[in-house]
$ cat entry.txt   # compact mmCIF, C-alpha atoms
# COMPACT_ATOMS: atom_id res chain seq x y z
CA MET A 1 -4.16 -48.78 -33.00
CA LYS A 2 -2.15 -47.48 -30.07
CA LEU A 3 -3.32 -48.20 -26.53
CA THR A 4 -2.12 -46.21 -23.50
CA PHE A 5 -2.89 -47.23 -19.92
CA LEU A 6 -3.71 -43.95 -18.17
CA GLY A 7 -5.24 -45.54 -15.06
CA GLY A 8 -6.67 -48.73 -13.66
CA VAL A 9 -3.27 -50.49 -13.58
CA GLY A 10 -1.67 -51.44 -10.28
CA THR A 11 -4.90 -50.24 -8.65
CA VAL A 12 -8.65 -50.78 -8.84
CA THR A 13 -9.37 -47.11 -9.40
CA GLY A 14 -8.89 -44.43 -12.05
CA SER A 15 -9.71 -46.63 -15.06
CA LYS A 16 -8.77 -44.81 -18.27
CA PHE A 17 -7.57 -46.49 -21.47
CA LEU A 18 -6.74 -44.28 -24.45
CA ILE A 19 -7.13 -45.68 -27.98
CA GLU A 20 -5.42 -43.77 -30.78
CA ASN A 21 -5.99 -44.55 -34.45
CA THR A 22 -7.08 -41.74 -36.75
CA GLU A 23 -8.95 -40.37 -33.72
CA ARG A 24 -8.61 -40.61 -29.93
CA VAL A 25 -11.20 -42.63 -28.00
CA LEU A 26 -11.11 -43.03 -24.22
CA LEU A 27 -12.45 -46.21 -22.64
CA ASP A 28 -13.78 -45.20 -19.21
CA CYS A 29 -12.85 -42.03 -17.37
CA GLY A 30 -12.56 -42.95 -13.73
CA LEU A 31 -11.49 -41.15 -10.58
CA PHE A 32 -8.44 -42.31 -8.64
CA GLN A 33 -9.29 -43.19 -5.03
CA GLY A 34 -7.47 -44.51 -1.98
CA GLN A 35 -3.85 -43.62 -1.31
CA ARG A 36 -2.85 -39.95 -1.41
CA GLU A 37 -0.40 -40.43 -4.27
CA LEU A 38 -3.23 -41.93 -6.34
CA ARG A 39 -5.69 -39.16 -5.46
CA ARG A 40 -3.12 -36.54 -6.47
CA ARG A 41 -3.25 -37.90 -10.03
CA ASN A 42 -6.80 -36.56 -10.31
CA TRP A 43 -5.37 -33.02 -10.18
CA ALA A 44 -2.79 -33.52 -12.93
CA THR A 45 -3.58 -32.11 -16.38
CA PHE A 46 -4.88 -34.85 -18.67
CA PRO A 47 -1.92 -36.39 -20.58
CA VAL A 48 -3.25 -35.31 -23.99
CA PRO A 49 -5.26 -32.16 -24.74
CA ALA A 50 -8.78 -32.89 -23.55
CA GLU A 51 -10.26 -31.32 -26.68
CA SER A 52 -8.31 -33.84 -28.82
CA VAL A 53 -10.30 -36.77 -27.40
CA SER A 54 -13.03 -37.54 -29.95
CA ALA A 55 -15.24 -39.70 -27.72
CA VAL A 56 -15.49 -41.50 -24.39
CA VAL A 57 -17.01 -44.95 -23.93
CA LEU A 58 -18.39 -45.47 -20.43
CA SER A 59 -18.73 -49.06 -19.16
CA HIS A 60 -20.77 -48.31 -16.03
CA ALA A 61 -21.63 -45.73 -13.40
CA HIS A 62 -19.24 -46.45 -10.55
CA LEU A 63 -17.00 -43.53 -9.61
CA ASP A 64 -13.75 -45.34 -10.42
CA HIS A 65 -14.96 -45.61 -14.02
CA CYS A 66 -16.95 -42.40 -14.57
CA GLY A 67 -15.87 -39.97 -11.85
CA TYR A 68 -13.23 -38.06 -13.84
CA LEU A 69 -15.60 -37.19 -16.72
CA PRO A 70 -16.54 -33.70 -15.42
CA ALA A 71 -12.84 -32.90 -14.92
CA LEU A 72 -12.18 -33.89 -18.54
CA VAL A 73 -15.05 -31.68 -19.68
CA ARG A 74 -13.71 -28.84 -17.54
CA GLN A 75 -10.39 -29.14 -19.41
CA GLY A 76 -12.06 -28.89 -22.81
CA PHE A 77 -13.49 -32.26 -23.85
CA ASP A 78 -16.65 -31.67 -25.90
CA GLY A 79 -17.20 -35.00 -27.66
CA PRO A 80 -19.87 -37.67 -27.09
CA VAL A 81 -19.93 -40.04 -24.11
CA HIS A 82 -21.32 -43.36 -25.34
CA THR A 83 -23.09 -45.56 -22.81
CA THR A 84 -26.36 -47.35 -22.04
CA PRO A 85 -29.54 -45.58 -20.84
CA ARG A 86 -29.41 -47.12 -17.34
CA THR A 87 -25.74 -46.19 -16.96
CA ALA A 88 -26.59 -42.62 -17.94
CA GLU A 89 -29.33 -42.49 -15.27
CA LEU A 90 -27.05 -43.85 -12.57
CA ALA A 91 -24.04 -41.78 -13.63
CA ALA A 92 -26.12 -38.62 -13.28
CA ILE A 93 -26.85 -39.56 -9.67
CA VAL A 94 -23.24 -40.52 -8.91
CA LEU A 95 -21.60 -37.47 -10.51
CA ARG A 96 -23.97 -34.95 -8.94
CA ASP A 97 -23.39 -36.50 -5.54
CA CYS A 98 -19.63 -36.51 -6.09
CA ALA A 99 -19.62 -32.82 -7.02
CA LYS A 100 -21.63 -32.00 -3.89
CA LEU A 101 -19.29 -34.01 -1.66
CA MET A 102 -16.26 -32.29 -3.19
CA ALA A 103 -17.81 -28.88 -2.55
CA ASP A 104 -18.74 -29.84 1.03
CA GLU A 105 -15.25 -31.20 1.75
CA ALA A 106 -13.60 -28.06 0.37
CA GLU A 107 -15.87 -25.86 2.46
CA HIS A 108 -15.21 -27.95 5.57
CA ALA A 109 -11.44 -27.82 4.97
CA ASN A 110 -11.50 -24.05 4.53
CA SER A 111 -13.68 -23.40 7.58
CA HIS A 112 -11.55 -25.61 9.84
CA GLY A 113 -8.20 -24.66 8.35
CA TRP A 114 -6.85 -28.22 8.03
CA SER A 115 -6.14 -28.18 4.31
CA SER A 116 -2.68 -27.28 2.99
CA HIS A 117 -4.39 -25.53 0.05
CA ARG A 118 -5.45 -21.88 0.39
CA PRO A 119 -8.23 -22.09 -0.45
CA ALA A 120 -9.20 -25.75 -0.90
CA LEU A 121 -11.19 -26.16 -4.13
CA PRO A 122 -13.28 -29.01 -5.56
CA LEU A 123 -11.95 -30.88 -8.59
CA TYR A 124 -15.16 -29.95 -10.41
CA ASP A 125 -18.59 -28.54 -9.62
CA GLU A 126 -22.24 -29.13 -10.46
CA LYS A 127 -22.01 -26.96 -13.60
CA ASP A 128 -19.27 -29.24 -14.92
CA VAL A 129 -21.49 -32.24 -14.19
CA ALA A 130 -24.40 -30.69 -16.06
CA ARG A 131 -22.19 -30.06 -19.09
CA THR A 132 -20.97 -33.65 -18.88
CA LEU A 133 -24.45 -35.13 -18.83
CA ASP A 134 -25.31 -33.15 -21.97
CA ARG A 135 -22.59 -35.13 -23.80
CA PHE A 136 -24.19 -38.57 -23.24
CA VAL A 137 -25.19 -40.59 -26.33
CA LEU A 138 -27.21 -43.70 -25.52
CA SER A 139 -27.16 -47.19 -27.02
CA GLU A 140 -28.88 -50.35 -25.87
CA HIS A 141 -26.86 -53.52 -25.39
CA GLY A 142 -26.20 -55.25 -28.70
CA GLU A 143 -26.59 -52.16 -30.89
CA TRP A 144 -23.73 -50.90 -33.07
CA ALA A 145 -22.85 -47.23 -32.74
CA ASP A 146 -20.54 -45.14 -34.91
CA LEU A 147 -17.63 -43.26 -33.36
CA PRO A 148 -15.12 -41.02 -35.12
CA GLY A 149 -12.81 -43.51 -36.84
CA ALA A 150 -14.33 -46.55 -35.14
CA ARG A 151 -17.51 -48.40 -34.30
CA LEU A 152 -18.72 -49.68 -30.99
CA ARG A 153 -21.00 -52.31 -29.52
CA LEU A 154 -21.87 -52.63 -25.82
CA HIS A 155 -22.69 -56.00 -24.25
CA ARG A 156 -24.33 -56.84 -20.92
CA ALA A 157 -21.67 -57.17 -18.19
CA GLY A 158 -23.94 -58.09 -15.26
CA HIS A 159 -21.97 -56.04 -12.71
CA ILE A 160 -24.49 -53.27 -11.95
CA LEU A 161 -27.57 -52.10 -13.82
CA GLY A 162 -26.56 -50.74 -17.22
CA SER A 163 -23.01 -52.10 -17.03
CA SER A 164 -21.31 -53.19 -20.23
CA TRP A 165 -18.29 -54.82 -21.71
CA THR A 166 -17.12 -53.02 -24.82
CA GLU A 167 -16.35 -54.23 -28.34
CA LEU A 168 -14.46 -51.60 -30.35
CA GLU A 169 -13.52 -51.94 -34.02
CA ALA A 170 -11.00 -49.55 -35.60
CA GLY A 171 -8.36 -49.85 -38.30
CA GLY A 172 -9.33 -53.42 -39.07
CA ARG A 173 -8.65 -54.53 -35.48
CA THR A 174 -10.99 -55.43 -32.64
CA LEU A 175 -10.40 -54.57 -28.98
CA VAL A 176 -12.59 -55.75 -26.10
CA HIS A 177 -12.68 -54.06 -22.69
CA SER A 178 -14.37 -56.08 -19.96
CA GLY A 179 -15.20 -53.06 -17.80
CA ASP A 180 -16.19 -54.58 -14.46
CA LEU A 181 -17.60 -58.06 -14.94
CA GLY A 182 -20.46 -59.36 -12.84
CA ARG A 183 -20.79 -62.77 -11.31
CA ARG A 184 -22.21 -65.86 -12.91
CA VAL A 185 -24.82 -65.88 -10.13
CA HIS A 186 -25.81 -62.32 -9.16
CA PRO A 187 -28.83 -61.91 -6.84
CA LEU A 188 -30.33 -59.16 -9.02
CA LEU A 189 -28.82 -59.30 -12.51
CA ARG A 190 -28.39 -61.81 -15.28
CA ALA A 191 -24.88 -63.11 -15.96
CA PRO A 192 -22.50 -61.35 -18.37
CA GLU A 193 -23.04 -62.03 -22.05
CA PRO A 194 -20.47 -64.44 -23.52
CA PHE A 195 -17.21 -63.20 -24.93
CA GLU A 196 -16.45 -64.55 -28.40
CA GLY A 197 -13.01 -63.19 -29.21
CA CYS A 198 -10.94 -60.21 -30.39
CA ASP A 199 -7.42 -59.12 -31.31
CA ALA A 200 -6.67 -57.54 -27.93
CA LEU A 201 -8.45 -57.78 -24.59
CA LEU A 202 -8.50 -55.66 -21.45
CA VAL A 203 -9.81 -57.72 -18.53
CA GLU A 204 -10.37 -56.56 -14.96
CA SER A 205 -8.75 -58.41 -12.05
CA THR A 206 -10.32 -56.89 -8.92
CA TYR A 207 -10.83 -60.35 -7.41
CA GLY A 208 -8.24 -62.09 -9.59
CA ASN A 209 -6.78 -63.99 -6.63
CA ARG A 210 -9.98 -64.80 -4.73
CA ARG A 211 -13.14 -66.90 -4.79
CA HIS A 212 -16.51 -65.83 -3.41
CA ASP A 213 -18.31 -68.15 -0.98
CA ASP A 214 -22.00 -67.20 -0.83
CA ALA A 215 -23.04 -69.73 1.82
CA THR A 216 -20.32 -68.65 4.25
CA THR A 217 -20.97 -64.97 3.52
CA MET A 218 -24.68 -65.26 4.35
CA ALA A 219 -23.94 -67.20 7.52
CA ASP A 220 -21.38 -64.62 8.62
CA LEU A 221 -23.83 -61.76 7.91
CA ALA A 222 -26.57 -63.44 9.94
CA ALA A 223 -24.19 -64.16 12.82
CA ALA A 224 -22.79 -60.62 12.89
CA ILE A 225 -26.24 -59.01 13.03
CA THR A 226 -27.63 -61.49 15.56
CA THR A 227 -24.73 -61.30 18.04
CA THR A 228 -24.57 -57.51 17.79
CA VAL A 229 -28.29 -57.10 18.51
CA GLN A 230 -28.05 -59.58 21.40
CA ARG A 231 -25.44 -57.41 23.10
CA GLY A 232 -27.55 -54.30 22.57
CA GLY A 233 -25.56 -52.83 19.70
CA SER A 234 -26.31 -51.75 16.15
CA VAL A 235 -24.78 -52.68 12.81
CA LEU A 236 -23.37 -50.15 10.34
CA ILE A 237 -22.90 -51.25 6.72
CA PRO A 238 -20.92 -48.83 4.52
CA ALA A 239 -22.25 -49.73 1.07
CA PHE A 240 -21.81 -48.42 -2.44
CA ALA A 241 -24.98 -46.57 -3.32
CA VAL A 242 -25.27 -48.19 -6.74
CA ASP A 243 -26.09 -51.91 -6.64
CA ARG A 244 -24.45 -52.82 -3.31
CA THR A 245 -27.24 -51.16 -1.32
CA GLU A 246 -29.78 -53.06 -3.42
CA VAL A 247 -27.93 -56.37 -2.94
CA ILE A 248 -27.78 -55.83 0.83
CA LEU A 249 -31.52 -55.14 0.95
CA TYR A 250 -32.18 -58.30 -1.03
CA ARG A 251 -30.01 -60.42 1.30
CA LEU A 252 -31.53 -58.90 4.44
CA HIS A 253 -34.96 -59.74 3.03
CA GLU A 254 -33.85 -63.37 2.59
CA LEU A 255 -32.47 -63.61 6.13
CA ARG A 256 -35.53 -61.99 7.74
CA ALA A 257 -37.91 -64.23 5.80
CA ALA A 258 -35.98 -67.31 6.94
CA GLY A 259 -35.92 -66.14 10.58
CA ARG A 260 -32.12 -66.03 10.61
CA ILE A 261 -31.78 -62.45 11.92
CA PRO A 262 -33.74 -60.38 14.47
CA ARG A 263 -36.44 -58.12 13.04
CA VAL A 264 -34.83 -54.84 13.97
CA PRO A 265 -35.33 -51.62 11.96
CA VAL A 266 -33.24 -51.20 8.82
CA TYR A 267 -32.32 -47.63 7.81
CA ILE A 268 -31.11 -46.58 4.37
CA ASP A 269 -29.15 -43.42 5.03
CA SER A 270 -28.02 -42.41 1.56
CA PRO A 271 -29.95 -40.06 -0.71
CA MET A 272 -27.81 -41.35 -3.57
CA GLY A 273 -28.54 -44.95 -2.61
CA LEU A 274 -32.27 -44.23 -2.51
CA ALA A 275 -32.11 -42.51 -5.90
CA ALA A 276 -30.21 -45.48 -7.34
CA ARG A 277 -32.77 -47.87 -5.86
CA ASP A 278 -35.49 -45.92 -7.68
CA VAL A 279 -33.67 -46.63 -10.95
CA TYR A 280 -33.63 -50.34 -10.09
CA LEU A 281 -37.33 -50.25 -9.17
CA ALA A 282 -38.13 -48.58 -12.50
CA ALA A 283 -36.14 -51.28 -14.29
CA ILE A 284 -38.13 -53.96 -12.45
CA ALA A 285 -41.40 -52.30 -13.50
CA ALA A 286 -40.15 -52.15 -17.11
CA HIS A 287 -39.14 -55.85 -17.04
CA SER A 288 -35.57 -54.97 -18.00
CA PRO A 289 -33.76 -57.86 -19.72
CA GLU A 290 -30.74 -57.14 -17.52
CA LEU A 291 -32.58 -58.24 -14.37
CA ARG A 292 -33.29 -61.71 -13.13
CA PRO A 293 -36.92 -62.52 -13.99
CA ASP A 294 -37.77 -63.49 -10.39
CA LEU A 295 -36.76 -60.08 -9.00
CA THR A 296 -39.81 -58.25 -7.63
CA ARG A 297 -40.29 -54.78 -6.18
CA ASP A 298 -40.96 -55.96 -2.63
CA LEU A 299 -37.47 -57.48 -2.39
CA LEU A 300 -35.95 -53.98 -2.53
CA ASP A 301 -38.80 -51.89 -1.11
CA ALA A 302 -40.06 -53.69 1.99
CA SER A 303 -42.18 -52.05 4.68
CA TRP A 304 -39.44 -52.55 7.28
CA VAL A 305 -36.95 -50.41 5.34
CA HIS A 306 -36.85 -46.83 6.64
CA GLU A 307 -35.58 -44.05 4.40
CA LEU A 308 -33.43 -41.29 5.89
CA ARG A 309 -33.43 -38.47 3.35
CA THR A 310 -32.60 -35.33 5.34
CA ALA A 311 -29.49 -34.48 7.35
CA GLU A 312 -31.63 -34.23 10.49
CA GLN A 313 -32.99 -37.76 9.94
CA SER A 314 -29.45 -39.02 9.42
CA MET A 315 -28.19 -37.46 12.64
CA SER A 316 -31.03 -39.08 14.60
CA VAL A 317 -29.38 -42.51 14.18
CA ASN A 318 -25.74 -41.48 14.69
CA ASP A 319 -26.01 -42.85 18.22
CA PRO A 320 -28.83 -45.43 17.95
CA ALA A 321 -31.01 -45.70 21.06
CA HIS A 322 -32.13 -49.20 20.06
CA PRO A 323 -30.49 -51.95 17.98
CA CYS A 324 -30.82 -51.41 14.25
CA VAL A 325 -29.06 -51.88 10.94
CA ILE A 326 -27.84 -48.75 9.11
CA VAL A 327 -26.86 -48.96 5.43
CA SER A 328 -25.02 -45.82 4.37
CA SER A 329 -22.63 -44.76 1.61
CA SER A 330 -19.82 -44.67 0.70
CA GLY A 331 -18.71 -48.28 0.49
CA MET A 332 -15.03 -47.55 1.04
CA ALA A 333 -15.85 -44.93 3.72
CA THR A 334 -14.14 -42.20 1.70
CA GLY A 335 -16.90 -39.63 2.22
CA GLY A 336 -20.59 -39.04 2.76
CA ARG A 337 -22.92 -39.60 5.69
CA VAL A 338 -21.31 -42.88 6.70
CA LEU A 339 -18.38 -40.91 8.16
CA HIS A 340 -20.63 -39.33 10.78
CA HIS A 341 -21.96 -42.76 11.76
CA LEU A 342 -18.44 -44.17 11.96
CA ARG A 343 -17.30 -41.28 14.13
CA HIS A 344 -20.08 -41.98 16.65
CA MET A 345 -20.16 -45.79 16.49
CA LEU A 346 -16.52 -46.89 16.17
CA PRO A 347 -15.59 -46.00 19.78
CA ASP A 348 -18.45 -48.19 21.10
CA GLY A 349 -17.56 -51.85 21.64
CA THR A 350 -21.20 -52.97 21.35
CA MET A 351 -21.38 -51.85 17.71
CA THR A 352 -20.38 -53.73 14.56
CA VAL A 353 -19.20 -52.37 11.20
CA LEU A 354 -19.59 -54.68 8.21
CA ILE A 355 -17.33 -54.14 5.19
CA VAL A 356 -19.32 -55.71 2.35
CA GLY A 357 -17.24 -55.18 -0.77
CA PHE A 358 -13.81 -54.43 -2.15
CA ALA A 359 -11.87 -51.87 -0.12
CA ALA A 360 -8.98 -50.27 -1.96
CA VAL A 361 -5.63 -49.64 -0.28
CA GLY A 362 -5.59 -46.22 1.38
CA THR A 363 -9.32 -46.07 2.13
CA ARG A 364 -10.82 -46.05 5.61
CA ALA A 365 -12.68 -49.28 4.88
CA ARG A 366 -9.38 -51.00 4.04
CA ASP A 367 -7.76 -49.60 7.18
CA LEU A 368 -10.59 -51.08 9.26
CA VAL A 369 -10.27 -54.46 7.53
CA ASP A 370 -6.52 -54.40 8.16
CA GLY A 371 -7.05 -53.90 11.90
CA ALA A 372 -6.50 -50.17 12.43
CA THR A 373 -6.89 -49.14 16.07
CA SER A 374 -7.88 -45.62 15.05
CA ILE A 375 -8.86 -43.86 11.84
CA LYS A 376 -8.91 -40.20 10.88
CA ILE A 377 -12.30 -38.63 10.15
CA HIS A 378 -12.77 -34.90 9.49
CA GLY A 379 -9.34 -34.11 10.89
CA HIS A 380 -9.79 -36.08 14.14
CA TYR A 381 -8.55 -39.55 15.09
CA VAL A 382 -11.36 -41.86 16.20
CA PRO A 383 -10.60 -44.99 18.27
CA VAL A 384 -11.80 -48.30 16.85
CA ARG A 385 -13.48 -50.40 19.56
CA ALA A 386 -16.43 -51.64 17.50
CA ARG A 387 -16.22 -55.11 15.97
CA ILE A 388 -15.12 -55.03 12.31
CA VAL A 389 -16.37 -57.86 10.07
CA ASN A 390 -15.11 -58.22 6.50
CA LEU A 391 -17.55 -59.82 4.07
CA PRO A 392 -15.92 -59.57 0.61
CA GLY A 393 -18.33 -62.19 -0.75
CA PHE A 394 -20.95 -59.48 -1.15
CA SER A 395 -18.97 -57.98 -4.00
CA VAL A 396 -20.74 -58.02 -7.36
CA HIS A 397 -17.39 -58.30 -9.15
CA ALA A 398 -16.60 -61.58 -10.86
CA ASP A 399 -14.17 -63.63 -8.80
CA ALA A 400 -11.22 -65.43 -10.38
CA ASP A 401 -13.24 -68.49 -11.39
CA ASP A 402 -16.04 -66.33 -12.83
CA THR A 403 -13.52 -64.45 -14.95
CA ILE A 404 -11.79 -67.57 -16.25
CA ALA A 405 -15.21 -69.05 -17.11
CA TRP A 406 -16.15 -65.90 -19.06
CA LEU A 407 -12.86 -65.91 -20.96
CA SER A 408 -13.24 -69.60 -21.74
CA THR A 409 -16.28 -68.89 -23.91
CA ALA A 410 -14.06 -67.23 -26.54
CA THR A 411 -13.99 -68.99 -29.91
CA ARG A 412 -11.14 -66.71 -31.06
CA PRO A 413 -8.57 -66.13 -28.30
CA PRO A 414 -7.02 -62.65 -28.25
CA GLU A 415 -3.45 -62.18 -29.41
CA VAL A 416 -2.71 -60.42 -26.11
CA THR A 417 -4.70 -60.11 -22.89
CA TYR A 418 -3.93 -57.10 -20.72
CA VAL A 419 -4.82 -57.69 -17.06
CA VAL A 420 -5.97 -54.37 -15.58
CA HIS A 421 -8.07 -52.86 -12.77
CA GLY A 422 -6.54 -54.86 -9.94
CA GLU A 423 -4.02 -54.49 -7.16
CA PRO A 424 -0.62 -56.04 -7.99
CA ASP A 425 -1.08 -59.47 -6.36
CA SER A 426 -4.56 -59.88 -7.78
CA ALA A 427 -3.54 -58.89 -11.32
CA ALA A 428 -0.44 -61.11 -11.27
CA THR A 429 -2.40 -64.14 -10.04
CA LEU A 430 -5.09 -63.81 -12.69
CA CYS A 431 -2.43 -63.22 -15.37
CA ASP A 432 -0.74 -66.50 -14.39
CA ARG A 433 -4.06 -68.39 -14.52
CA ILE A 434 -4.85 -67.04 -17.98
CA ARG A 435 -1.44 -68.20 -19.23
CA ASP A 436 -1.53 -71.58 -17.47
CA GLU A 437 -5.17 -72.59 -17.90
CA LEU A 438 -6.07 -70.98 -21.23
CA GLY A 439 -2.66 -70.92 -22.87
CA TRP A 440 -3.08 -67.25 -23.85
CA GLN A 441 -0.45 -64.54 -23.91
CA ALA A 442 -1.22 -62.31 -20.93
CA VAL A 443 0.60 -59.37 -19.37
CA VAL A 444 0.09 -56.88 -16.55
CA PRO A 445 0.74 -53.41 -18.02
CA ARG A 446 2.34 -50.46 -16.25
CA GLN A 447 0.94 -47.00 -15.61
CA ASP A 448 1.29 -44.82 -18.74
CA GLU A 449 2.62 -47.73 -20.81
CA ARG A 450 1.81 -47.59 -24.53
CA VAL A 451 1.39 -50.64 -26.78
CA LEU A 452 0.34 -51.34 -30.37
CA ILE A 453 -2.84 -53.29 -31.11
$ encode --input "entry.txt" --output "structure tokens"
Amino acid sequence: MKLTFLGGVGTVTGSKFLIENTERVLLDCGLFQGQRELRRRNWATFPVPAESVSAVVLSHAHLDHCGYLPALVRQGFDGPVHTTPRTAELAAIVLRDCAKLMADEAEHANSHGWSSHRPALPLYDEKDVARTLDRFVLSEHGEWADLPGARLRLHRAGHILGSSWTELEAGGRTLVHSGDLGRRVHPLLRAPEPFEGCDALLVESTYGNRRHDDATTMADLAAAITTTVQRGGSVLIPAFAVDRTEVILYRLHELRAAGRIPRVPVYIDSPMGLAARDVYLAAIAAHSPELRPDLTRDLLDASWVHELRTAEQSMSVNDPAHPCVIVSSSGMATGGRVLHHLRHMLPDGTMTVLIVGFAAVGTRARDLVDGATSIKIHGHYVPVRARIVNLPGFSVHADADDTIAWLSTATRPPEVTYVVHGEPDSAATLCDRIRDELGWQAVVPRQDERVLI
């Protein structure tokens, strides 16, 4: 087998790993996000003819893993997209929303004349998304599926609902792709299934140089909300619509029940987040084996949670008259309704913005974490006077210790471990730990590098 790293190296976005044996199989098909030079890669023609790709294997429904699929279809891909049923449900929500945002951004750029493109166009549209969703072929975790020239088995990854790590057999060799791994203790999901071994391994390194601290994170969340409300301000939480919104609701429920935060209104201002929550609620009702058995509907659908579905409802809380908590997507503040809230709330020193997950370099969320005094939104610079609180412990990515623990379950260590889907420092740190603590051969690959498996 030949393996080419088409994305997800040197960055946490754009995950794409091309396997070539007798056929071509693509592991994940993610969108590049963050810095402009990364985003420009989305517009490049796919490195091999799209129609020559026999199949795509999708690990989960986050945009950095599935968001390029409609662009691949637009260029001629017409093969199957193998994934789990829950991932298919969530990917439909994510991709439709992404296409709408792209169309809205292009229209806004054209009407205000601030784009260098004449005219500005979306990368893909809703018709491309519909054609993409028609390609999905579903398998439950643990089931073998046949691909052209290979066979595939998906295993529970515990990152978001439906997420998987991938076992691919072709040409007498076995490759495992971790996708995005979940934590050993996730508030909603069961831990990742154990990894037994393979010939070659792709392992993510998003938090490869960090450890999560749940106790400190909860205390910091409670303190941020309480002090903000006491000074008459409101709290804005940019949150990924899939899973992060649900985790935040769960944690707010815990804090309210324990009397650790004021009982102010909580608004979910994300149609995509609400749609994703419905998928989680359906999974709870179906007693999904992915979910923790103690997870109940009321933990995600409490009476104090207010749903903002229309644009008019969203605008009503841009400048909150009374203290509240607003949870809105997107998590990295790259688009969506959260930008309108940021534009109104950032100049106000009584407000607080909580960054509750990984923020890639080049995103507004990362700029805020790094102490920016102003950020650009819709062509205008907005001063940052609100308090910015970074709470990376809310990430549902495995941290470095979680990842090493998962790897340690292997009874047959891989010949080579490729450390991917991480910024340079994170990937290098995890690579060193794998070498030093496990004694495995590990490398950090380069963009477009090709290796033999």
$ residues_around --input "entry.txt" --residues "Ala359 (chain A)" --least-positions-apart "5" --cutoff "10 Å" --atoms "only C-alpha atoms" --output "ChimeraX atom specification"
/A:12,34,331-333,364-369,390,392
$ write_last_selection --input "entry.txt" --atoms "C-alpha atoms" --output "PDB file, in the frame of the given file"
ATOM      1  CA  VAL A  12      -8.650 -50.780  -8.840  1.00  0.00           C
ATOM      2  CA  GLY A  34      -7.470 -44.510  -1.980  1.00  0.00           C
ATOM      3  CA  GLY A 331     -18.710 -48.280   0.490  1.00  0.00           C
ATOM      4  CA  MET A 332     -15.030 -47.550   1.040  1.00  0.00           C
ATOM      5  CA  ALA A 333     -15.850 -44.930   3.720  1.00  0.00           C
ATOM      6  CA  ARG A 364     -10.820 -46.050   5.610  1.00  0.00           C
ATOM      7  CA  ALA A 365     -12.680 -49.280   4.880  1.00  0.00           C
ATOM      8  CA  ARG A 366      -9.380 -51.000   4.040  1.00  0.00           C
ATOM      9  CA  ASP A 367      -7.760 -49.600   7.180  1.00  0.00           C
ATOM     10  CA  LEU A 368     -10.590 -51.080   9.260  1.00  0.00           C
ATOM     11  CA  VAL A 369     -10.270 -54.460   7.530  1.00  0.00           C
ATOM     12  CA  ASN A 390     -15.110 -58.220   6.500  1.00  0.00           C
ATOM     13  CA  PRO A 392     -15.920 -59.570   0.610  1.00  0.00           C
TER      14      PRO A 392
END
$ atom_distance --input "entry.txt" --atom1 "CA of Tyr418 (chain A)" --atom2 "CA of Pro49 (chain A)"
25.3 Å
$ atom_distance --input "entry.txt" --atom1 "CA of Gly208 (chain A)" --atom2 "CA of Ala360 (chain A)"
14.1 Å
$ residues_around --input "entry.txt" --residues "Arg433 (chain A)" --least-positions-apart "5" --cutoff "10 Å" --atoms "only C-alpha atoms" --output "count of residues only"
10
$ atom_distance --input "entry.txt" --atom1 "CA of Gly371 (chain A)" --atom2 "CA of Pro265 (chain A)"
28.4 Å
$ residues_around --input "entry.txt" --residues "Val327 (chain A)" --least-positions-apart "2" --cutoff "7 Å" --atoms "only C-alpha atoms" --output "PDB file with C-alpha atoms, in the frame of the given file"
ATOM      1  CA  LEU A 236     -23.370 -50.150  10.340  1.00  0.00           C
ATOM      2  CA  ILE A 237     -22.900 -51.250   6.720  1.00  0.00           C
ATOM      3  CA  PRO A 238     -20.920 -48.830   4.520  1.00  0.00           C
ATOM      4  CA  ALA A 239     -22.250 -49.730   1.070  1.00  0.00           C
ATOM      5  CA  TYR A 267     -32.320 -47.630   7.810  1.00  0.00           C
ATOM      6  CA  ILE A 268     -31.110 -46.580   4.370  1.00  0.00           C
ATOM      7  CA  ASP A 269     -29.150 -43.420   5.030  1.00  0.00           C
ATOM      8  CA  VAL A 325     -29.060 -51.880  10.940  1.00  0.00           C
TER       9      VAL A 325
END
$ closest_residue --input "entry.txt" --among "A:Pro85, A:Gly7, A:Gly182, A:Gly171" --to "His65 (chain A)" --atoms "all atoms listed in the file"
A:Gly7
$ residues_around --input "entry.txt" --residues "His253 (chain A)" --least-positions-apart "5" --cutoff "9 Å" --atoms "only C-alpha atoms" --output "list in words"
Ile248, Ala258, Leu299, Leu300 and Ala302 of chain A
$ residues_around --input "entry.txt" --residues "Thr310 (chain A)" --least-positions-apart "3" --cutoff "12 Å" --atoms "only C-alpha atoms" --output "PyMOL selection string"
chain A and resi 268-272+274+307+313-317+337
$ write_last_selection --input "entry.txt" --atoms "C-alpha atoms" --output "PDB file, keeping the file's coordinate frame"
ATOM      1  CA  ILE A 268     -31.110 -46.580   4.370  1.00  0.00           C
ATOM      2  CA  ASP A 269     -29.150 -43.420   5.030  1.00  0.00           C
ATOM      3  CA  SER A 270     -28.020 -42.410   1.560  1.00  0.00           C
ATOM      4  CA  PRO A 271     -29.950 -40.060  -0.710  1.00  0.00           C
ATOM      5  CA  MET A 272     -27.810 -41.350  -3.570  1.00  0.00           C
ATOM      6  CA  LEU A 274     -32.270 -44.230  -2.510  1.00  0.00           C
ATOM      7  CA  GLU A 307     -35.580 -44.050   4.400  1.00  0.00           C
ATOM      8  CA  GLN A 313     -32.990 -37.760   9.940  1.00  0.00           C
ATOM      9  CA  SER A 314     -29.450 -39.020   9.420  1.00  0.00           C
ATOM     10  CA  MET A 315     -28.190 -37.460  12.640  1.00  0.00           C
ATOM     11  CA  SER A 316     -31.030 -39.080  14.600  1.00  0.00           C
ATOM     12  CA  VAL A 317     -29.380 -42.510  14.180  1.00  0.00           C
ATOM     13  CA  ARG A 337     -22.920 -39.600   5.690  1.00  0.00           C
TER      14      ARG A 337
END
